[in-house]
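Q: One structure follows; several queries about it will come next.
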Amino acid sequence: MKLLQVTVILFVAAVSSGISWGQIGDQATQEPAQANRFENSVDQSARAQRALENIEKAIAVLIPGGIEPGSPRQKNFAAVIESFAKGQARDAMDALEKMATEDANLPPAEVVMAGLTFAVGDNKSGMVLLESGAIKHADYPGVYLSFAQIAINAGRLTDASLHADKTARLIETGNLSPERKSHFLKQYFEIATSIHLRRKQDEKAQEMLAQLQNVAPNLPFYLRSKAELAFRAGQNDQALQFLKQYATATESKRLPELTLVDWTKNSGKDEAAKELLLNTIQQHPSDATAHMMAAQMHMAGEDFPNALMSLKKFEDLNGEETQQSLDMKGRIAFAGLSYELAAEHFRKLSQLTPNDPSSANILALCLIESDDPELQKQAMQISQRVASRMSGNTLALASLAYIYLKNGEKEKSQQLMQRVAVSRQATPEVSYFLANWLVENGQAEQAANILQQALDSKGLFLYRSASRKMLSRLNADE
């Protein structure tokens, strides 16, 4: 009890920060033991499918000249992909090494294997292969281009710049064929542009794009980057023209206007983004993606009636429910205290995604609100499994603590709440769980303070209606 009383103050200070409700699944990737468990559960057929879906992009980035359909290169790479998909990494590597000796334009085997490994999400093995490639082929520009892109993706722009500079020196001093030099220059200018864009160095980005245009005119990357720069300069019409050219070049079915909506929202102009999205829907009423974006926007503002209308339009145009629409309908029902309806949606979702801890966790929270002892028992079992699987996740632990409390197991609830309170990873939902515990333990004033801070939070709060009712009762009891 004393530990919890001391740490509540720290917890209150952290209410507006910490992980979001949707990150219960994401946090697994930050915990090595959990990440390994997920990796081991991926079967070979799934790995093969992901490899096939991503392989064209990986090959296009790595190989000067690409792969012509029906060419010997294509046949050789098809055999490599087949071996890789079957988990026969040594056979794939041997084949790549043989191909590299026979075709001077092909990258080192380690670089191609790293690309294939990254394509199926095994980043750890991909980095090991790239490091090996850097040791064995220190003068190969493609290694450092790969390192630079990885650094950009991780937000390490200084590291990315160092790798890009190394690439530029190797391109300038290396004995490269014209085809290889053009290939690496194109990639270098793309990497350099990306770095300058991330650093908001728009003039330097424009310079890099001009040089890229000289090497390889009107690439999709060029068109999208020019659109982004035009948007930053307040030239939305010009940005839209570039985005339309980009959509044509990439054969993208996504409306270019929706990218402008994303950029506007990401720049902090929520109302302008909403207006632009609604205008886009008026012009393209049969675009399902636009209606889904509208549903997300309405849901974030807790405008649930309009969110449901947009979801209905999305599903009608899409022809069926999706995992995303099921999740959103479930959360809306939950926020409206319709726990039985929410449970129906999350049961469906759990059947579609049996390994997703987030949907399982919310399903448990739906079931614990039932008066049916059997459903309460199910809630306990589901929550225990999620908390066991996600033992370092604050939301999973707080959810189980709340379910223990609802089930009358106060000692177990207290043990978990002590861990939750010291974590300082507070979300409004976690605050609601803690407030319930505090009320049960005679600390109504602290509970009211925590509830008020949770209610002051922006964005979707699944227990907002429940928190208002609870706070009203607490204030009435004073």
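By convention here, the chains of the structure tokens are called A, B, ... in the order presented, each chain's residues are numbered starting at 1, and ligands are numbered starting at 1 in the order presented.
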Tell me, as a ChimeraX atom specification, which residues lie within 10 Å of Ala379 of chain A, counting only C-alpha atoms; anything in the same chain fewer than 3 positions away does not count.

A: /A:360-370,373-376,382-384,400,403-404,407

Q: Identify, on the basis of only C-alpha atoms, every residue whose closest approach to Lys181 of chain A does not exceed 9 Å; exclude the query and any residue fewer than 4 positions from it along the same chain; express the result as a VMD selection string.

A: chain A and resid 64 171 to 172 174 to 177 185 to 186

Q: So that I have them on file, write out the residues from the current selection with N, CA and C atoms, as a JSON list (two decimals), in the first residue's frame.

A:
```
[["chain", "number", "residue", "atom", "x", "y", "z"],
["A", 64, "PRO", "N", 22.13, -3.13, -60.68],
["A", 64, "PRO", "CA", 22.16, -2.24, -61.83],
["A", 64, "PRO", "C", 21.50, -2.90, -63.04],
["A", 171, "ILE", "N", 32.17, 6.18, -55.40],
["A", 171, "ILE", "CA", 31.68, 6.34, -56.77],
["A", 171, "ILE", "C", 32.68, 7.16, -57.58],
["A", 172, "GLU", "N", 33.24, 8.20, -56.95],
["A", 172, "GLU", "CA", 34.17, 9.09, -57.65],
["A", 172, "GLU", "C", 35.50, 8.41, -57.95],
["A", 174, "GLY", "N", 36.19, 4.95, -57.64],
["A", 174, "GLY", "CA", 36.14, 3.54, -57.99],
["A", 174, "GLY", "C", 36.20, 3.30, -59.49],
["A", 175, "ASN", "N", 36.60, 2.10, -59.84],
["A", 175, "ASN", "CA", 36.67, 1.70, -61.25],
["A", 175, "ASN", "C", 35.34, 1.02, -61.61],
["A", 176, "LEU", "N", 34.32, 1.85, -61.84],
["A", 176, "LEU", "CA", 32.97, 1.34, -62.06],
["A", 176, "LEU", "C", 32.59, 1.41, -63.53],
["A", 177, "SER", "N", 31.84, 0.44, -64.00],
["A", 177, "SER", "CA", 31.30, 0.50, -65.35],
["A", 177, "SER", "C", 30.27, 1.63, -65.42],
["A", 185, "LEU", "N", 24.96, 6.44, -58.55],
["A", 185, "LEU", "CA", 24.71, 7.87, -58.48],
["A", 185, "LEU", "C", 23.22, 8.14, -58.23],
["A", 186, "LYS", "N", 22.37, 7.41, -58.94],
["A", 186, "LYS", "CA", 20.93, 7.57, -58.74],
["A", 186, "LYS", "C", 20.56, 7.32, -57.28]]
```

Q: How many Å lie between atom CA of Leu243 of chain A and atom CA of Arg224 of chain A, rounded to one decimal?

A: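 Value for the atom CA of Leu243 of chain A-atom CA of Arg224 of chain A distance: 6.0 Å.
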
Q: Of the residues A:Pro285, A:Ala273, A:Ala134, A:Leu260, which is the one nearest to Met297 of chain A, using only C-alpha atoms?

A: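 The answer is A:Ala273, which sits nearest to Met297 of chain A.
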
Q: For a test of reading the model, state the distance in Å between atom CA of Thr259 of chain A and atom CA of Leu223 of chain A, rounded to one decimal.

A: 13.1 Å

Q: Could you state the separation of atom CA of Gln414 of chain A and atom CA of Asp356 of chain A in Å, given to one decimal place?

A: 26.6 Å

Q: Could you pull the residues within 12 Å of Ala294 of chain A, counting only C-alpha atoms, minus those fewer than 2 positions along the same chain, as a count of residues only?

A: 38

Q: Tell me which of A:Gln187, A:Gln245, A:Gln149, A:Gln201 sits closest to Ile63 of chain A, counting only C-alpha atoms.

A: A:Gln187

Q: Please identify the helix (DSSP H, G or I) residues within segment 115-352 of chain A (assignment by DSSP from backbone atoms) and present them as a PyMOL selection string.

A: chain A and resi 115-119+123-136+141-153+157-173+178-198+202-215+220-232+236-250+256-266+270-283+288-300+304-318+323-335+339-352

Q: Pick out the closest residue to Arg232 of chain A from this set: A:Leu474, A:Leu197, A:Ala216, A:Met390. Count only C-alpha atoms.

A: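 Closest to Arg232 of chain A of all the choices is A:Leu197.
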
Q: I'd like the neighbourhood of segment 331-335 of chain A as number ranges by chain, where a residue qualifies if any of its atoms comes within 9 Å (using only C-alpha atoms), though same-chain residues fewer than 5 positions away should be ignored.

A: A: 299, 302, 304, 307-308, 326, 340-343, 345-346, 362, 366, 460-466

Q: Find the spatial neighbours of segment 454-458 of chain A, counting only C-alpha atoms, within a cut-off of 8 Å - ignore same-chain residues fewer than 4 positions away - and output them as a short mmCIF file (atom, residue, chain, number, x, y, z; two decimals) with N, CA, C and O atoms, in the first residue's frame.

A:
```
data_model
loop_
_atom_site.label_atom_id
_atom_site.label_comp_id
_atom_site.auth_asym_id
_atom_site.auth_seq_id
_atom_site.Cartn_x
_atom_site.Cartn_y
_atom_site.Cartn_z
N VAL A 15 0.62 11.00 -16.84
CA VAL A 15 -0.64 10.60 -17.47
C VAL A 15 -0.71 11.00 -18.93
O VAL A 15 -1.17 10.24 -19.76
N SER A 16 -0.23 12.20 -19.24
CA SER A 16 -0.37 12.69 -20.61
C SER A 16 0.74 12.21 -21.54
O SER A 16 0.76 12.58 -22.70
N THR A 427 -1.31 6.01 -19.83
CA THR A 427 -2.27 6.43 -20.84
C THR A 427 -3.57 6.74 -20.10
O THR A 427 -3.74 6.34 -18.94
N PRO A 428 -4.50 7.42 -20.74
CA PRO A 428 -5.78 7.66 -20.06
C PRO A 428 -6.46 6.37 -19.60
O PRO A 428 -7.05 6.34 -18.51
N GLU A 429 -6.37 5.32 -20.43
CA GLU A 429 -6.99 4.05 -20.04
C GLU A 429 -6.35 3.47 -18.78
O GLU A 429 -7.05 3.01 -17.86
N SER A 431 -4.86 5.17 -16.52
CA SER A 431 -5.28 6.07 -15.44
C SER A 431 -6.65 5.66 -14.89
O SER A 431 -6.88 5.69 -13.68
N TYR A 432 -7.55 5.29 -15.78
CA TYR A 432 -8.88 4.86 -15.37
C TYR A 432 -8.79 3.61 -14.49
O TYR A 432 -9.47 3.51 -13.46
N ILE A 450 -6.67 11.93 -10.88
CA ILE A 450 -6.19 11.13 -12.01
C ILE A 450 -7.25 11.08 -13.12
O ILE A 450 -6.94 11.22 -14.30
N ARG A 464 -13.71 7.37 -21.67
CA ARG A 464 -14.08 8.75 -21.37
C ARG A 464 -15.48 8.82 -20.75
O ARG A 464 -15.68 9.48 -19.72
N SER A 467 -15.37 7.33 -17.33
CA SER A 467 -14.64 8.20 -16.41
C SER A 467 -15.50 9.38 -15.96
O SER A 467 -15.45 9.79 -14.80
N ARG A 468 -16.27 9.93 -16.89
CA ARG A 468 -17.16 11.04 -16.52
C ARG A 468 -18.18 10.58 -15.49
O ARG A 468 -18.46 11.30 -14.52
#
```

Q: Just the residues within 10 Å of Thr322 of chain A, please, counting only C-alpha atoms, with nothing from its chain fewer than 6 positions along; format it as a PyMOL selection string.

A: chain A and resi 314-315+328+349+352
